[in-house]
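Shown here: data15.pdb, PDB, C-alpha atoms and all ligand atoms.
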```
ATOM      1  CA  THR A  97      29.005  -3.825  31.878
ATOM      2  CA  LYS A  98      26.893  -6.330  33.799
ATOM      3  CA  GLN A  99      26.007  -3.546  36.230
ATOM      4  CA  LYS A 100      25.154  -1.227  33.358
ATOM      5  CA  LYS A 101      22.910  -3.888  31.885
ATOM      6  CA  LEU A 102      21.142  -4.358  35.220
ATOM      7  CA  ALA A 103      20.690  -0.607  35.598
ATOM      8  CA  ARG A 104      19.250  -0.392  32.100
ATOM      9  CA  GLU A 105      16.848  -3.250  32.786
ATOM     10  CA  GLU A 106      15.728  -1.615  36.015
ATOM     11  CA  GLN A 107      15.180   1.662  34.163
ATOM     12  CA  GLU A 108      13.069  -0.136  31.543
ATOM     13  CA  ARG A 109      11.062  -1.928  34.210
ATOM     14  CA  LEU A 110      10.331   1.338  35.986
ATOM     15  CA  GLN A 111       9.404   3.056  32.745
ATOM     16  CA  LYS A 112       7.048   0.206  31.886
ATOM     17  CA  SER A 113       5.395   0.201  35.302
ATOM     18  CA  MET A 114       4.788   3.969  34.991
ATOM     19  CA  VAL A 115       3.217   3.599  31.547
ATOM     20  CA  VAL A 116       1.064   0.685  32.710
ATOM     21  CA  LYS A 117      -0.091   2.648  35.759
ATOM     22  CA  ALA A 118      -1.033   5.642  33.605
ATOM     23  CA  PHE A 119      -2.767   3.327  31.108
ATOM     24  CA  HIS A 120      -4.942   1.770  33.816
ATOM     25  CA  ALA A 121      -5.732   5.112  35.446
ATOM     26  CA  PHE A 122      -6.801   6.560  32.071
ATOM     27  CA  TYR A 123      -9.205   3.723  31.229
ATOM     28  CA  GLU A 124     -10.454   3.260  34.774
ATOM     29  CA  ALA A 125     -11.518   6.920  34.707
ATOM     30  CA  GLN A 126     -13.636   6.140  31.631
ATOM     31  CA  TYR A 127     -14.971   2.676  32.505
ATOM     32  CA  GLY A 128     -15.083   2.773  36.332
ATOM     33  CA  GLU A 129     -15.852  -0.608  37.917
ATOM     34  CA  ARG A 130     -16.216  -2.235  34.505
ATOM     35  CA  TRP A 131     -12.519  -1.727  33.744
ATOM     36  CA  SER A 132     -11.305  -4.906  35.471
ATOM     37  CA  SER A 133     -13.662  -7.206  33.535
ATOM     38  CA  LEU A 134     -13.049  -5.342  30.292
ATOM     39  CA  LEU A 135      -9.287  -5.567  30.814
ATOM     40  CA  TRP A 136      -9.561  -9.305  31.410
ATOM     41  CA  ALA A 137     -11.501  -9.709  28.154
ATOM     42  CA  LEU A 138      -9.006  -7.524  26.246
ATOM     43  CA  HIS A 139      -6.131  -9.721  27.413
ATOM     44  CA  ALA A 140      -7.722 -12.813  25.881
ATOM     45  CA  LYS A 141      -6.500 -13.826  22.432
ATOM     46  CA  PRO A 142      -8.538 -12.026  19.732
ATOM     47  CA  ARG A 143     -11.272 -14.190  18.178
ATOM     48  CA  ALA A 144     -11.541 -14.871  14.472
ATOM     49  CA  ALA A 145     -14.716 -15.484  12.515
ATOM     50  CA  CYS A 146     -14.702 -16.784   8.957
ATOM     51  CA  LEU A 147     -16.257 -14.768   6.120
ATOM     52  CA  SER A 148     -16.944 -16.820   3.006
ATOM     53  CA  ASN A 149     -16.058 -15.105  -0.272
ATOM     54  CA  LYS A 150     -18.936 -14.996  -2.770
ATOM     55  CA  PHE A 151     -16.491 -14.660  -5.691
ATOM     56  CA  ALA A 152     -14.948 -18.089  -4.983
ATOM     57  CA  ASP A 153     -16.159 -21.640  -5.559
ATOM     58  CA  MET A 154     -18.358 -22.440  -2.552
ATOM     59  CA  ALA A 155     -17.848 -26.196  -2.947
ATOM     60  CA  VAL A 156     -14.139 -25.699  -2.163
ATOM     61  CA  PHE A 157     -15.106 -23.564   0.845
ATOM     62  CA  ALA A 158     -17.538 -26.234   2.110
ATOM     63  CA  ASP A 159     -14.837 -28.904   1.767
ATOM     64  CA  SER A 160     -12.314 -26.890   3.756
ATOM     65  CA  MET A 161     -14.828 -26.369   6.594
ATOM     66  CA  GLU A 162     -15.955 -29.993   6.712
ATOM     67  CA  SER A 163     -13.802 -31.141   9.619
ATOM     68  CA  LEU A 164     -14.731 -28.227  11.940
ATOM     69  CA  THR A 165     -16.897 -28.928  14.964
ATOM     70  CA  ASN A 166     -20.109 -27.007  15.436
ATOM     71  CA  LEU A 167     -19.681 -24.672  12.459
ATOM     72  CA  ARG A 168     -22.496 -22.135  12.677
ATOM     73  CA  ARG A 169     -23.586 -18.999  10.881
ATOM     74  CA  ILE A 170     -23.235 -15.767  12.871
ATOM     75  CA  GLN A 171     -26.668 -14.183  12.984
ATOM     76  CA  PHE A 172     -25.863 -10.550  13.725
ATOM     77  CA  VAL A 173     -24.662  -9.747  10.186
ATOM     78  CA  SER A 174     -26.315 -10.301   6.779
ATOM     79  CA  VAL A 175     -23.285 -11.799   4.991
ATOM     80  CA  PRO A 176     -22.245 -15.476   5.433
ATOM     81  CA  LEU A 177     -19.947 -15.242   8.461
ATOM     82  CA  TYR A 178     -19.165 -18.327  10.534
ATOM     83  CA  ASP A 179     -18.083 -19.269  14.022
ATOM     84  CA  CYS A 180     -16.907 -22.694  15.216
ATOM     85  CA  ASP A 181     -15.564 -24.432  18.316
ATOM     86  CA  ASN A 182     -12.044 -24.986  17.004
ATOM     87  CA  ARG A 183      -9.532 -22.901  15.076
ATOM     88  CA  PHE A 184     -10.333 -22.102  11.460
ATOM     89  CA  PRO A 185      -7.805 -23.535   9.001
ATOM     90  CA  HIS A 186      -5.796 -21.215   6.760
ATOM     91  CA  PRO A 187      -7.970 -19.923   3.865
ATOM     92  CA  GLU A 188      -7.731 -21.985   0.671
ATOM     93  CA  ARG A 189      -7.777 -21.021  -3.001
ATOM     94  CA  ASP A 190     -10.284 -22.391  -5.504
ATOM     95  CA  ASP A 191      -9.513 -23.576  -9.056
ATOM     96  CA  LYS A 192      -9.418 -19.968 -10.302
ATOM     97  CA  ASN A 193      -6.903 -19.071  -7.601
ATOM     98  CA  VAL A 194      -9.458 -17.034  -5.596
ATOM     99  CA  TYR A 195      -9.378 -17.369  -1.792
ATOM    100  CA  THR A 196     -12.581 -18.906  -0.465
ATOM    101  CA  CYS A 197     -12.726 -17.088   2.890
ATOM    102  CA  TYR A 198     -11.167 -14.378   5.085
ATOM    103  CA  LEU A 199     -10.627 -14.621   8.858
ATOM    104  CA  LEU A 200     -11.439 -11.522  10.907
ATOM    105  CA  ASP A 201     -13.159 -10.222  14.016
ATOM    106  CA  ALA A 202     -16.935 -10.502  13.617
ATOM    107  CA  ALA A 203     -17.323  -6.935  14.955
ATOM    108  CA  SER A 204     -15.334  -5.647  11.945
ATOM    109  CA  VAL A 205     -17.974  -7.106   9.662
ATOM    110  CA  LEU A 206     -20.668  -5.326  11.687
ATOM    111  CA  ALA A 207     -18.968  -1.975  10.939
ATOM    112  CA  THR A 208     -19.224  -2.640   7.202
ATOM    113  CA  GLU A 209     -22.905  -3.629   7.604
ATOM    114  CA  ALA A 210     -23.428  -0.137   9.000
ATOM    115  CA  LEU A 211     -22.636   1.225   5.507
ATOM    116  CA  ASP A 212     -26.044  -0.211   4.456
ATOM    117  CA  LEU A 213     -24.529  -1.281   1.144
ATOM    118  CA  SER A 214     -26.432  -1.761  -2.109
ATOM    119  CA  PRO A 215     -24.992  -3.755  -5.040
ATOM    120  CA  GLU A 216     -24.556  -0.594  -7.123
ATOM    121  CA  ASP A 217     -22.818   1.534  -4.467
ATOM    122  CA  ARG A 218     -19.572   3.307  -5.286
ATOM    123  CA  VAL A 219     -17.565   2.807  -2.117
ATOM    124  CA  LEU A 220     -14.393   4.435  -0.794
ATOM    125  CA  ASP A 221     -12.505   2.615   1.974
ATOM    126  CA  LEU A 222     -10.286   5.491   3.092
ATOM    127  CA  CYS A 223      -7.904   3.618   5.460
ATOM    128  CA  ALA A 224      -8.056   0.133   4.046
ATOM    129  CA  ALA A 225      -4.957  -2.014   4.821
ATOM    130  CA  PRO A 226      -4.639  -4.895   5.467
ATOM    131  CA  GLY A 227      -8.053  -5.203   3.803
ATOM    132  CA  GLY A 228     -10.454  -7.204   5.975
ATOM    133  CA  LYS A 229     -13.181  -4.611   5.751
ATOM    134  CA  SER A 230     -12.579  -4.164   2.000
ATOM    135  CA  VAL A 231     -13.188  -7.901   1.534
ATOM    136  CA  SER A 232     -16.389  -7.575   3.601
ATOM    137  CA  ILE A 233     -17.546  -4.597   1.510
ATOM    138  CA  LEU A 234     -16.930  -6.536  -1.731
ATOM    139  CA  GLN A 235     -19.428  -9.191  -0.582
ATOM    140  CA  HIS A 236     -22.253  -6.651  -1.007
ATOM    141  CA  LEU A 237     -21.260  -5.226  -4.390
ATOM    142  CA  GLN A 238     -22.207  -6.204  -7.894
ATOM    143  CA  PHE A 239     -20.037  -5.210 -10.841
ATOM    144  CA  PRO A 240     -19.973  -3.245 -13.093
ATOM    145  CA  MET A 241     -22.588  -1.042 -11.349
ATOM    146  CA  GLY A 242     -20.800  -1.036  -8.019
ATOM    147  CA  SER A 243     -17.154  -0.201  -7.391
ATOM    148  CA  LEU A 244     -14.599  -0.100  -4.585
ATOM    149  CA  THR A 245     -11.661   2.248  -4.098
ATOM    150  CA  ALA A 246      -9.407   0.971  -1.316
ATOM    151  CA  ASN A 247      -6.977   3.644  -0.122
ATOM    152  CA  GLU A 248      -3.934   3.238   2.138
ATOM    153  CA  LEU A 249      -1.214   5.781   2.877
ATOM    154  CA  SER A 250       1.582   3.428   3.920
ATOM    155  CA  ALA A 251       3.369   1.877   0.928
ATOM    156  CA  ASP A 252       4.186  -1.378   2.729
ATOM    157  CA  ARG A 253       0.681  -1.838   3.998
ATOM    158  CA  ARG A 254      -0.710  -0.851   0.600
ATOM    159  CA  ARG A 255       1.188  -3.713  -1.045
ATOM    160  CA  ARG A 256      -0.441  -6.130   1.390
ATOM    161  CA  LEU A 257      -3.842  -4.522   0.762
ATOM    162  CA  TRP A 258      -3.454  -4.823  -3.004
ATOM    163  CA  LYS A 259      -2.594  -8.490  -2.662
ATOM    164  CA  VAL A 260      -5.555  -9.163  -0.363
ATOM    165  CA  VAL A 261      -8.092  -7.401  -2.585
ATOM    166  CA  MET A 262      -6.803  -9.077  -5.752
ATOM    167  CA  ASP A 263      -6.633 -12.501  -4.069
ATOM    168  CA  TYR A 264     -10.363 -12.327  -3.363
ATOM    169  CA  LEU A 265     -11.531 -11.461  -6.886
ATOM    170  CA  PRO A 266     -11.528 -13.459 -10.111
ATOM    171  CA  GLU A 267      -9.501 -12.032 -13.013
ATOM    172  CA  ASP A 268     -12.439 -10.407 -14.880
ATOM    173  CA  LEU A 269     -13.650  -8.400 -11.846
ATOM    174  CA  LYS A 270     -10.315  -6.954 -10.721
ATOM    175  CA  GLN A 271     -10.843  -3.930 -12.981
ATOM    176  CA  TYR A 272     -13.697  -2.676 -10.758
ATOM    177  CA  VAL A 273     -11.497  -2.260  -7.708
ATOM    178  CA  SER A 274      -8.743   0.306  -7.420
ATOM    179  CA  VAL A 275      -6.099   0.572  -4.759
ATOM    180  CA  THR A 276      -4.793   4.096  -4.123
ATOM    181  CA  GLY A 277      -2.113   5.525  -1.841
ATOM    182  CA  ARG A 278      -3.214   8.989  -0.806
ATOM    183  CA  ASP A 279      -3.375  10.797   2.503
ATOM    184  CA  GLY A 280      -7.052  10.272   3.305
ATOM    185  CA  ALA A 281      -7.209  13.591   5.161
ATOM    186  CA  GLN A 282      -6.371  15.394   1.891
ATOM    187  CA  TRP A 283      -8.876  13.470  -0.230
ATOM    188  CA  SER A 284     -10.639  15.691  -2.734
ATOM    189  CA  GLN A 285     -12.935  14.009  -5.229
ATOM    190  CA  PRO A 286     -16.406  15.244  -4.289
ATOM    191  CA  ASP A 287     -19.534  13.378  -5.383
ATOM    192  CA  LEU A 288     -17.723  10.269  -6.611
ATOM    193  CA  PHE A 289     -18.760   7.998  -3.729
ATOM    194  CA  ASP A 290     -22.102   6.924  -2.235
ATOM    195  CA  LYS A 291     -20.482   5.361   0.838
ATOM    196  CA  VAL A 292     -17.199   6.070   2.633
ATOM    197  CA  LEU A 293     -15.658   3.949   5.371
ATOM    198  CA  VAL A 294     -13.149   5.677   7.662
ATOM    199  CA  ASP A 295     -11.597   2.827   9.652
ATOM    200  CA  ALA A 296      -9.137   5.178  11.274
ATOM    201  CA  PRO A 297      -5.688   4.421  12.715
ATOM    202  CA  CYS A 298      -6.181   4.355  16.497
ATOM    203  CA  SER A 299      -4.649   3.344  19.840
ATOM    204  CA  ALA A 300      -5.736  -0.296  19.285
ATOM    205  CA  GLU A 301      -5.524  -1.114  22.997
ATOM    206  CA  ARG A 302      -6.294  -4.832  22.624
ATOM    207  CA  HIS A 303      -3.335  -5.127  20.300
ATOM    208  CA  LEU A 304      -1.127  -3.153  22.752
ATOM    209  CA  LEU A 305      -2.081  -5.485  25.580
ATOM    210  CA  GLN A 306      -0.823  -8.492  23.592
ATOM    211  CA  ASN A 307       2.626  -6.958  23.232
ATOM    212  CA  ASP A 308       4.693  -5.418  26.058
ATOM    213  CA  GLU A 309       6.917  -3.428  23.727
ATOM    214  CA  GLU A 310       3.886  -1.814  22.100
ATOM    215  CA  LEU A 311       2.217  -1.166  25.430
ATOM    216  CA  CYS A 312       5.275   0.812  26.585
ATOM    217  CA  LYS A 313       4.663   3.270  23.748
ATOM    218  CA  TRP A 314       1.161   4.134  25.024
ATOM    219  CA  SER A 315       0.446   7.605  26.379
ATOM    220  CA  GLU A 316      -2.604   9.812  26.732
ATOM    221  CA  ARG A 317      -0.826  12.271  24.443
ATOM    222  CA  ARG A 318      -0.677   9.657  21.699
ATOM    223  CA  SER A 319      -4.416   9.117  21.995
ATOM    224  CA  VAL A 320      -4.940  12.899  21.683
ATOM    225  CA  GLN A 321      -2.664  12.962  18.593
ATOM    226  CA  CYS A 322      -4.583  10.031  17.105
ATOM    227  CA  ALA A 323      -7.847  11.905  17.663
ATOM    228  CA  LYS A 324      -6.559  14.920  15.697
ATOM    229  CA  ARG A 325      -5.731  12.710  12.736
ATOM    230  CA  GLN A 326      -9.066  10.913  13.032
ATOM    231  CA  ILE A 327     -11.017  14.202  12.980
ATOM    232  CA  ALA A 328      -9.186  15.267   9.801
ATOM    233  CA  LEU A 329      -9.911  11.902   8.132
ATOM    234  CA  LEU A 330     -13.586  11.987   9.098
ATOM    235  CA  ASN A 331     -14.031  15.549   7.853
ATOM    236  CA  ALA A 332     -12.396  14.652   4.534
ATOM    237  CA  ALA A 333     -14.855  11.753   4.193
ATOM    238  CA  LEU A 334     -17.853  13.971   4.964
ATOM    239  CA  LYS A 335     -16.688  16.542   2.421
ATOM    240  CA  ASN A 336     -16.305  13.952  -0.328
ATOM    241  CA  VAL A 337     -19.301  11.634   0.067
ATOM    242  CA  SER A 338     -22.191  12.553  -2.229
ATOM    243  CA  VAL A 339     -25.231  14.300  -0.720
ATOM    244  CA  GLY A 340     -27.537  11.609   0.708
ATOM    245  CA  GLY A 341     -24.584   9.215   1.084
ATOM    246  CA  LEU A 342     -23.276   7.595   4.273
ATOM    247  CA  VAL A 343     -19.964   7.789   6.088
ATOM    248  CA  VAL A 344     -19.105   5.172   8.706
ATOM    249  CA  TYR A 345     -16.362   6.196  11.119
ATOM    250  CA  SER A 346     -14.858   3.252  13.013
ATOM    251  CA  THR A 347     -11.944   2.396  15.290
ATOM    252  CA  CYS A 348     -10.840  -0.566  17.367
ATOM    253  CA  SER A 349     -10.049   1.808  20.247
ATOM    254  CA  ILE A 350     -11.803   1.774  23.607
ATOM    255  CA  SER A 351     -10.880   5.416  24.261
ATOM    256  CA  ASN A 352     -13.791   7.832  24.163
ATOM    257  CA  LEU A 353     -11.338  10.495  22.920
ATOM    258  CA  GLU A 354     -10.963   8.502  19.678
ATOM    259  CA  ASN A 355     -14.622   7.551  19.379
ATOM    260  CA  ASP A 356     -17.594   9.748  20.377
ATOM    261  CA  LYS A 357     -15.338  12.771  20.994
ATOM    262  CA  VAL A 358     -14.035  12.573  17.423
ATOM    263  CA  ILE A 359     -17.614  12.681  16.141
ATOM    264  CA  GLU A 360     -18.408  15.636  18.368
ATOM    265  CA  LYS A 361     -15.359  17.630  17.255
ATOM    266  CA  ALA A 362     -15.690  16.745  13.584
ATOM    267  CA  LEU A 363     -19.322  17.920  13.658
ATOM    268  CA  GLN A 364     -18.206  21.235  15.171
ATOM    269  CA  LYS A 365     -15.687  21.743  12.357
ATOM    270  CA  ARG A 366     -17.737  20.399   9.472
ATOM    271  CA  LYS A 367     -18.333  22.424   6.332
ATOM    272  CA  VAL A 368     -21.281  20.367   5.004
ATOM    273  CA  GLY A 369     -24.706  19.341   6.351
ATOM    274  CA  VAL A 370     -24.537  16.097   8.316
ATOM    275  CA  GLU A 371     -26.917  14.077  10.497
ATOM    276  CA  ILE A 372     -26.159  11.109  12.702
ATOM    277  CA  VAL A 373     -27.997   7.901  11.838
ATOM    278  CA  HIS A 374     -29.034   5.963  14.943
ATOM    279  CA  ARG A 375     -29.647   2.269  14.666
ATOM    280  CA  THR A 376     -29.427  -0.659  17.057
ATOM    281  CA  TRP A 377     -27.569  -3.910  16.389
ATOM    282  CA  LEU A 378     -27.795  -7.420  17.815
ATOM    283  CA  ILE A 379     -24.445  -7.223  19.602
ATOM    284  CA  GLY A 380     -22.776  -4.308  21.340
ATOM    285  CA  GLU A 381     -24.122  -1.221  23.026
ATOM    286  CA  LYS A 382     -25.187   2.317  22.264
ATOM    287  CA  THR A 383     -22.831   5.221  22.910
ATOM    288  CA  GLU A 384     -23.643   8.929  22.752
ATOM    289  CA  TYR A 385     -23.302   9.137  18.954
ATOM    290  CA  GLY A 386     -22.618   5.608  17.790
ATOM    291  CA  TRP A 387     -22.234   1.984  18.779
ATOM    292  CA  ILE A 388     -19.498  -0.060  20.453
ATOM    293  CA  VAL A 389     -18.818  -3.792  20.649
ATOM    294  CA  LEU A 390     -16.711  -4.618  23.708
ATOM    295  CA  PRO A 391     -15.342  -8.116  24.303
ATOM    296  CA  ASP A 392     -16.429  -8.421  27.959
ATOM    297  CA  THR A 393     -20.127  -8.402  27.015
ATOM    298  CA  SER A 394     -19.944  -9.554  23.355
ATOM    299  CA  SER A 395     -18.473 -13.065  23.636
ATOM    300  CA  GLY A 396     -14.922 -11.849  23.028
ATOM    301  CA  TRP A 397     -15.639  -9.939  19.780
ATOM    302  CA  GLY A 398     -14.315  -6.414  19.451
ATOM    303  CA  PRO A 399     -13.444  -3.832  20.502
ATOM    304  CA  LEU A 400     -15.028  -1.989  17.614
ATOM    305  CA  TYR A 401     -16.626   1.444  17.737
ATOM    306  CA  PHE A 402     -18.577   2.906  14.847
ATOM    307  CA  CYS A 403     -20.802   5.857  14.072
ATOM    308  CA  VAL A 404     -22.945   6.325  10.964
ATOM    309  CA  LEU A 405     -23.274   9.821   9.488
ATOM    310  CA  ARG A 406     -25.401  10.911   6.544
ATOM    311  CA  ARG A 407     -24.482  13.895   4.427
ATOM    312  CA  VAL A 408     -27.664  15.939   3.984
ATOM    313  CA  SER A 409     -26.436  19.020   2.081
TER     314      SER A 409
HETATM  315  N1  LIG B 501      -9.678  -1.186   7.473
HETATM  316  C1  LIG B 501      -8.528  -2.037   7.700
HETATM  317  C2  LIG B 501      -9.001  -3.478   7.759
HETATM  318  O1  LIG B 501     -10.153  -3.736   8.126
HETATM  319  O2  LIG B 501      -8.197  -4.369   7.431
HETATM  320  C3  LIG B 501      -7.737  -1.616   8.932
HETATM  321  C4  LIG B 501      -7.302  -0.183   8.875
HETATM  322  S1  LIG B 501      -6.168   0.304  10.143
HETATM  323  C5  LIG B 501      -7.205   0.470  11.510
HETATM  324  C6  LIG B 501      -5.833   1.971   9.693
HETATM  325  C7  LIG B 501      -4.987   2.112   8.445
HETATM  326  O3  LIG B 501      -4.950   3.494   8.070
HETATM  327  C8  LIG B 501      -3.534   1.696   8.619
HETATM  328  O4  LIG B 501      -3.210   0.732   7.668
HETATM  329  C9  LIG B 501      -2.742   2.987   8.388
HETATM  330  O5  LIG B 501      -1.502   2.772   7.736
HETATM  331  C10 LIG B 501      -3.683   3.777   7.518
HETATM  332  N2  LIG B 501      -3.511   5.248   7.544
HETATM  333  C11 LIG B 501      -2.971   6.010   8.531
HETATM  334  N3  LIG B 501      -3.049   7.313   8.215
HETATM  335  C12 LIG B 501      -3.661   7.389   7.004
HETATM  336  C13 LIG B 501      -4.010   8.466   6.141
HETATM  337  N4  LIG B 501      -3.758   9.727   6.490
HETATM  338  N5  LIG B 501      -4.611   8.179   4.969
HETATM  339  C14 LIG B 501      -4.869   6.894   4.617
HETATM  340  N6  LIG B 501      -4.548   5.831   5.396
HETATM  341  C15 LIG B 501      -3.954   6.072   6.575
END
```

Would you mind giving the structure from this file in structure tokens?
Amino acid sequence: TKQKKLAREEQERLQKSMVVKAFHAFYEAQYGERWSSLLWALHAKPRAACLSNKFADMAVFADSMESLTNLRRIQFVSVPLYDCDNRFPHPERDDKNVYTCYLLDAASVLATEALDLSPEDRVLDLCAAPGGKSVSILQHLQFPMGSLTANELSADRRRRLWKVVMDYLPEDLKQYVSVTGRDGAQWSQPDLFDKVLVDAPCSAERHLLQNDEELCKWSERRSVQCAKRQIALLNAALKNVSVGGLVVYSTCSISNLENDKVIEKALQKRKVGVEIVHRTWLIGEKTEYGWIVLPDTSSGWGPLYFCVLRRVS
């Protein structure tokens, strides 16, 4: 049995080295010489910024941040998002039991800024769990004019999402947010939403690189499968947003197949009039159709790709 165990381990090692080789070849083909520095940045522990929650007592938030060194506001977004030189403490609740802040990648907040939110917007977050971007969206809304529908297909993840969203709102405002559990690709409620965020499930390479077991599951075929699902989700969003409204498609993938190529293919298949909205941001770089924040050139934030589309007819 010891021999069997050794043989099995050798088999696993070989399998892993083949996957890793294919992984590097795939991304080197896309990024060329940049791949080695990007890979190095992707291996680093993800960074967390701290988004203060406007629905909580800001005095409690200020108290909990007091001991942090060099706490500073991040300038590339409009909402109060902070960076510091040490680790942020666990978020705290105020007297009404509302959490005072949420920790997330600053690039995620940038993707929600791309929705160009107004206080009265009716927003659909189509793939919402665990809820970081939903919490960011809420910071722009004013109730009862505005509303948020946070949708998540997976029941387990939806439970977590529900808890997050409710933990960030006081009792009297919870009624303006609904959490739903539908397949986003089958969504059919035209004209109900001014803005739709499609933060699609993706290859999440930075996450894979933190976990050997996950990395072993990577394949180009999986990225192609992901892209198919992403195209269906994006087209459902475009079909349902009201005319004049915006859809932001985002992923944390570095694969062009799951980013610009998804936009290209969705536009070929679309049934409604759509134009791409081009805008530049203070961090990240332009891609063919959208924008990408990569950690090698954006102080460790990202990866985060997004593209803004406006429905015109
Ligand atoms: N927006 C989230 C945030 O900022 O916390 C992260 C979303 S994560 C990238 C993608 C989510 O989409 C996953 O929770 C996944 O379970 C969910 N999902 C996958 N397929 C879906 C579908 N067809 N409809 C709705 N949600 C889906």

Legend entry - Hits from the PyMOL selection byres (((chain A and resi 230-243) around 9) and not hetatm), listed as JSON, numbers by chain: {"A": [147, 148, 149, 150, 151, 175, 198, 204, 205, 208, 209, 211, 213, 214, 215, 216, 217, 218, 219, 220, 221, 224, 225, 226, 227, 228, 229, 244, 245, 246, 257, 260, 261, 264, 265, 269, 272, 273, 274]}

Legend entry - 9 Å shell around ligand LIG 501 (chain B) using only C-alpha atoms and all ligand atoms, listed as an MDAnalysis selection string: chainID A and resid 200 204:205 221:232 247:254 257 277:283 293:298 300 325:326 328:329 346:348

Name every residue that the PyMOL selection byres (((chain A and resi 401) around 12) and not hetatm) selects in this structure, writing the answer as an mmCIF file with C-alpha atoms, in the frame of the given file with chains first and numbers rising.
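Okay, out17.cif is ready:
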```
data_model
loop_
_atom_site.group_PDB
_atom_site.id
_atom_site.type_symbol
_atom_site.label_atom_id
_atom_site.label_comp_id
_atom_site.auth_asym_id
_atom_site.auth_seq_id
_atom_site.Cartn_x
_atom_site.Cartn_y
_atom_site.Cartn_z
ATOM 1 C CA ALA A 203 -17.323 -6.935 14.955
ATOM 2 C CA SER A 204 -15.334 -5.647 11.945
ATOM 3 C CA VAL A 205 -17.974 -7.106 9.662
ATOM 4 C CA LEU A 206 -20.668 -5.326 11.687
ATOM 5 C CA ALA A 207 -18.968 -1.975 10.939
ATOM 6 C CA THR A 208 -19.224 -2.640 7.202
ATOM 7 C CA ALA A 210 -23.428 -0.137 9.000
ATOM 8 C CA VAL A 294 -13.149 5.677 7.662
ATOM 9 C CA ASP A 295 -11.597 2.827 9.652
ATOM 10 C CA ALA A 296 -9.137 5.178 11.274
ATOM 11 C CA CYS A 298 -6.181 4.355 16.497
ATOM 12 C CA ALA A 300 -5.736 -0.296 19.285
ATOM 13 C CA VAL A 344 -19.105 5.172 8.706
ATOM 14 C CA TYR A 345 -16.362 6.196 11.119
ATOM 15 C CA SER A 346 -14.858 3.252 13.013
ATOM 16 C CA THR A 347 -11.944 2.396 15.290
ATOM 17 C CA CYS A 348 -10.840 -0.566 17.367
ATOM 18 C CA SER A 349 -10.049 1.808 20.247
ATOM 19 C CA ILE A 350 -11.803 1.774 23.607
ATOM 20 C CA SER A 351 -10.880 5.416 24.261
ATOM 21 C CA ASN A 352 -13.791 7.832 24.163
ATOM 22 C CA LEU A 353 -11.338 10.495 22.920
ATOM 23 C CA GLU A 354 -10.963 8.502 19.678
ATOM 24 C CA ASN A 355 -14.622 7.551 19.379
ATOM 25 C CA ASP A 356 -17.594 9.748 20.377
ATOM 26 C CA LYS A 357 -15.338 12.771 20.994
ATOM 27 C CA VAL A 358 -14.035 12.573 17.423
ATOM 28 C CA ILE A 359 -17.614 12.681 16.141
ATOM 29 C CA ILE A 379 -24.445 -7.223 19.602
ATOM 30 C CA GLY A 380 -22.776 -4.308 21.340
ATOM 31 C CA GLU A 381 -24.122 -1.221 23.026
ATOM 32 C CA LYS A 382 -25.187 2.317 22.264
ATOM 33 C CA THR A 383 -22.831 5.221 22.910
ATOM 34 C CA GLU A 384 -23.643 8.929 22.752
ATOM 35 C CA TYR A 385 -23.302 9.137 18.954
ATOM 36 C CA GLY A 386 -22.618 5.608 17.790
ATOM 37 C CA TRP A 387 -22.234 1.984 18.779
ATOM 38 C CA ILE A 388 -19.498 -0.060 20.453
ATOM 39 C CA VAL A 389 -18.818 -3.792 20.649
ATOM 40 C CA LEU A 390 -16.711 -4.618 23.708
ATOM 41 C CA PRO A 391 -15.342 -8.116 24.303
ATOM 42 C CA TRP A 397 -15.639 -9.939 19.780
ATOM 43 C CA GLY A 398 -14.315 -6.414 19.451
ATOM 44 C CA PRO A 399 -13.444 -3.832 20.502
ATOM 45 C CA LEU A 400 -15.028 -1.989 17.614
ATOM 46 C CA PHE A 402 -18.577 2.906 14.847
ATOM 47 C CA CYS A 403 -20.802 5.857 14.072
ATOM 48 C CA VAL A 404 -22.945 6.325 10.964
#
```

Inset, instruction - Can you turn the PyMOL selection byres (((chain A and resi 187-195) around 6) and not hetatm) into a concrete residue list for this file, as a PyMOL selection string? - result: chain A and resi 152-153+186+196-197+263-264

Legend entry - Gly396 of chain A surroundings by all atoms listed in the file, 9 Å radius, close-in-sequence under 3 positions cut, as number ranges by chain: A: 137-138, 140-143, 390-393, 399

Save the residues we just selected, C-alpha atoms, as an mmCIF file, in the frame of the given file?
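The new file out37.cif reads:
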```cif
data_model
loop_
_atom_site.group_PDB
_atom_site.id
_atom_site.type_symbol
_atom_site.label_atom_id
_atom_site.label_comp_id
_atom_site.auth_asym_id
_atom_site.auth_seq_id
_atom_site.Cartn_x
_atom_site.Cartn_y
_atom_site.Cartn_z
ATOM 1 C CA ALA A 137 -11.501 -9.709 28.154
ATOM 2 C CA LEU A 138 -9.006 -7.524 26.246
ATOM 3 C CA ALA A 140 -7.722 -12.813 25.881
ATOM 4 C CA LYS A 141 -6.500 -13.826 22.432
ATOM 5 C CA PRO A 142 -8.538 -12.026 19.732
ATOM 6 C CA ARG A 143 -11.272 -14.190 18.178
ATOM 7 C CA LEU A 390 -16.711 -4.618 23.708
ATOM 8 C CA PRO A 391 -15.342 -8.116 24.303
ATOM 9 C CA ASP A 392 -16.429 -8.421 27.959
ATOM 10 C CA THR A 393 -20.127 -8.402 27.015
ATOM 11 C CA PRO A 399 -13.444 -3.832 20.502
#
```

Legend entry - Residue with smallest distance to Arg317 of chain A - pool A:Val368, A:Leu288, A:Ala332, A:Val115, counting all atoms listed in the file: A:Val115
